[in-house]
Amino acid sequence: MLILLAAIFVLHLTCIALLLAATIHNAWWMTDTLSTDIWGRWILMGGQWNYTDIPGHYAKEYLQAVQASSVLACIFCILGLFVFVAQLYTLPKGRRFLFTGAFQLLAWLCIMIAASIYTDIFHKDENNGWYGASFILAWISVCLTFISCVIYFVLRKKTA
């Protein structure tokens, strides 16, 4: 049972790390001379990366929704870890980790919204670039956060 709890804890920490990396790192959309994330844009000029603001043609409302959803996913996932540790000590035996599962469900929903909006709204007509590592990490964290959520809803505190 201890190995199972350790594996669940490591999975949760992995979800947090991937969510934070996807939210913070500057690689949602890439070209050879450009790197864009949900917070800004970096342009390669003279061998040096220079920070610029997101262009005005980006839909601000959608971009703010992606930013807010990504940050909320990180917050819910971190809170879920604290709730999981608290429930390990306070939850009666035989009960499920529903409260922790609810936090993971909220984190999953938020990162799913962020990644889906970014996929649907931004860079649809651009052919000279590719989705970067942060975008891929966001979708991987969607999968891992959902798996973690299901595990918490199924997991019971051991009775013996």
# chains A, B, ... in the order shown; residues from 1 in each chain; ligands from 1
call {"tool": "select_by_dssp", "arguments": {"residues": "region 52-155 of chain A", "states": "alpha helix (DSSP H)", "output": "VMD selection string"}}
result
chain A and resid 60 to 90 98 to 121 133 to 154
call {"tool": "residues_around", "arguments": {"residues": "Ser141 (chain A)", "least_positions_apart": "4", "cutoff": "6 Å", "atoms": "only C-alpha atoms", "output": "list in words"}}
result
Cys15, Leu18, Leu137 and Thr145 of chain A
call {"tool": "residues_around", "arguments": {"residues": "Met45 (chain A)", "least_positions_apart": "6", "cutoff": "12 Å", "atoms": "only C-alpha atoms", "output": "PyMOL selection string"}}
result
chain A and resi 32-34+51-52
call {"tool": "closest_atom_pairs", "arguments": {"of": "region 101-157 of chain A", "to": "region 60-78 of chain A", "cutoff": "12 Å", "atoms": "only C-alpha atoms", "output": "CSV"}}
result
residue,atom,partner,partner_atom,distance
A:Gly101,CA,A:Cys77,CA,9.9
A:Ala102,CA,A:Phe76,CA,9.2
A:Phe103,CA,A:Phe76,CA,5.5
A:Gln104,CA,A:Cys77,CA,5.8
A:Leu105,CA,A:Phe76,CA,8.7
A:Leu106,CA,A:Phe76,CA,6.5
A:Ala107,CA,A:Ala73,CA,4.1
A:Trp108,CA,A:Ala73,CA,6.8
A:Leu109,CA,A:Ala73,CA,7.7
A:Cys110,CA,A:Ser69,CA,4.8
A:Ile111,CA,A:Ala73,CA,5.5
A:Met112,CA,A:Ser69,CA,8.5
A:Ile113,CA,A:Ser69,CA,6.7
A:Ala114,CA,A:Val66,CA,4.3
A:Ala115,CA,A:Val66,CA,7.3
A:Ser116,CA,A:Val66,CA,8.8
A:Ile117,CA,A:Val66,CA,6.6
A:Tyr118,CA,A:Val66,CA,6.7
A:Thr119,CA,A:Val66,CA,10.3
A:Asp120,CA,A:Tyr62,CA,10.1
A:Ile121,CA,A:Tyr62,CA,7.6
A:Phe122,CA,A:Leu63,CA,8.8
A:Ser134,CA,A:Ser70,CA,11.4
A:Phe135,CA,A:Ser70,CA,11.3
A:Leu137,CA,A:Ser70,CA,11.8
A:Ala138,CA,A:Ser70,CA,8.7
A:Trp139,CA,A:Ser70,CA,11.6
A:Ser141,CA,A:Ala73,CA,9.9
A:Val142,CA,A:Ala73,CA,9.8
A:Leu144,CA,A:Cys77,CA,11.3
A:Thr145,CA,A:Cys77,CA,8.3
A:Phe146,CA,A:Cys77,CA,11.2
A:Ser148,CA,A:Cys77,CA,10.1
A:Cys149,CA,A:Cys77,CA,10.1
call {"tool": "write_last_selection", "arguments": {"atoms": "C-alpha atoms", "output": "PDB file, in the first residue's frame"}}
result
ATOM      1  CA  GLY A 101     -10.282  14.008  -6.751  1.00  0.00           C
ATOM      2  CA  ALA A 102     -12.470  17.101  -7.055  1.00  0.00           C
ATOM      3  CA  PHE A 103      -9.407  19.365  -7.010  1.00  0.00           C
ATOM      4  CA  GLN A 104      -7.746  17.221  -9.673  1.00  0.00           C
ATOM      5  CA  LEU A 105     -10.940  17.304 -11.718  1.00  0.00           C
ATOM      6  CA  LEU A 106     -10.912  21.109 -11.560  1.00  0.00           C
ATOM      7  CA  ALA A 107      -7.222  21.184 -12.533  1.00  0.00           C
ATOM      8  CA  TRP A 108      -7.942  18.832 -15.455  1.00  0.00           C
ATOM      9  CA  LEU A 109     -10.869  20.948 -16.596  1.00  0.00           C
ATOM     10  CA  CYS A 110      -8.843  24.180 -16.445  1.00  0.00           C
ATOM     11  CA  ILE A 111      -5.827  22.904 -18.386  1.00  0.00           C
ATOM     12  CA  MET A 112      -8.147  21.230 -20.902  1.00  0.00           C
ATOM     13  CA  ILE A 113      -9.890  24.559 -21.462  1.00  0.00           C
ATOM     14  CA  ALA A 114      -6.565  26.402 -21.824  1.00  0.00           C
ATOM     15  CA  ALA A 115      -5.068  23.936 -24.290  1.00  0.00           C
ATOM     16  CA  SER A 116      -8.297  23.643 -26.273  1.00  0.00           C
ATOM     17  CA  ILE A 117      -8.753  27.393 -26.639  1.00  0.00           C
ATOM     18  CA  TYR A 118      -5.132  27.841 -27.687  1.00  0.00           C
ATOM     19  CA  THR A 119      -5.450  25.021 -30.220  1.00  0.00           C
ATOM     20  CA  ASP A 120      -8.670  26.336 -31.707  1.00  0.00           C
ATOM     21  CA  ILE A 121      -8.062  30.096 -31.736  1.00  0.00           C
ATOM     22  CA  PHE A 122      -4.360  30.792 -32.188  1.00  0.00           C
ATOM     23  CA  SER A 134       5.007  23.927 -23.550  1.00  0.00           C
ATOM     24  CA  PHE A 135       1.993  23.254 -25.729  1.00  0.00           C
ATOM     25  CA  LEU A 137       3.424  19.533 -22.031  1.00  0.00           C
ATOM     26  CA  ALA A 138       0.005  21.125 -21.558  1.00  0.00           C
ATOM     27  CA  TRP A 139      -1.655  18.279 -23.461  1.00  0.00           C
ATOM     28  CA  SER A 141      -0.650  17.220 -18.325  1.00  0.00           C
ATOM     29  CA  VAL A 142      -4.287  17.012 -19.483  1.00  0.00           C
ATOM     30  CA  LEU A 144      -1.947  12.782 -16.508  1.00  0.00           C
ATOM     31  CA  THR A 145      -4.220  15.040 -14.492  1.00  0.00           C
ATOM     32  CA  PHE A 146      -7.270  13.117 -15.691  1.00  0.00           C
ATOM     33  CA  SER A 148      -4.762  11.200 -11.365  1.00  0.00           C
ATOM     34  CA  CYS A 149      -8.341  12.406 -10.913  1.00  0.00           C
TER      35      CYS A 149
END
call {"tool": "residues_around", "arguments": {"residues": "Phe97 (chain A)", "least_positions_apart": "2", "cutoff": "7 Å", "atoms": "only C-alpha atoms", "output": "ChimeraX atom specification"}}
result
/A:95,99-101,152-153,155-156
call {"tool": "closest_residue", "arguments": {"among": "A:Leu81, A:Gly132, A:His57, A:Thr23", "to": "Val10 (chain A)", "atoms": "only C-alpha atoms"}}
result
A:Leu81
call {"tool": "residues_around", "arguments": {"residues": "region 2-6 of chain A", "least_positions_apart": "5", "cutoff": "10 Å", "atoms": "only C-alpha atoms", "output": "PyMOL selection string"}}
result
chain A and resi 11-12+88+155
call {"tool": "atom_distance", "arguments": {"atom1": "CA of Thr36 (chain A)", "atom2": "CA of Ile54 (chain A)"}}
result
7.9 Å
call {"tool": "closest_residue", "arguments": {"among": "A:Ala22, A:Ala133, A:Lys157, A:Ile151", "to": "Lys93 (chain A)", "atoms": "only C-alpha atoms"}}
result
A:Lys157
call {"tool": "closest_residue", "arguments": {"among": "A:Ile38, A:Ile8, A:Leu91, A:Val83", "to": "Asn26 (chain A)", "atoms": "only C-alpha atoms"}}
result
A:Ile38
call {"tool": "atom_distance", "arguments": {"atom1": "CA of His123 (chain A)", "atom2": "CA of Thr14 (chain A)"}}
result
28.2 Å
call {"tool": "residues_around", "arguments": {"residues": "Gly129 (chain A)", "least_positions_apart": "5", "cutoff": "7 Å", "atoms": "only C-alpha atoms", "output": "PyMOL selection string"}}
result
chain A and resi 29-31
call {"tool": "write_last_selection", "arguments": {"atoms": "C-alpha atoms", "output": "PDB file, in the first residue's frame"}}
result
ATOM      1  CA  TRP A  29       4.386  28.395 -30.675  1.00  0.00           C
ATOM      2  CA  MET A  30       7.809  28.380 -32.335  1.00  0.00           C
ATOM      3  CA  THR A  31       9.533  29.365 -35.553  1.00  0.00           C
TER       4      THR A  31
END
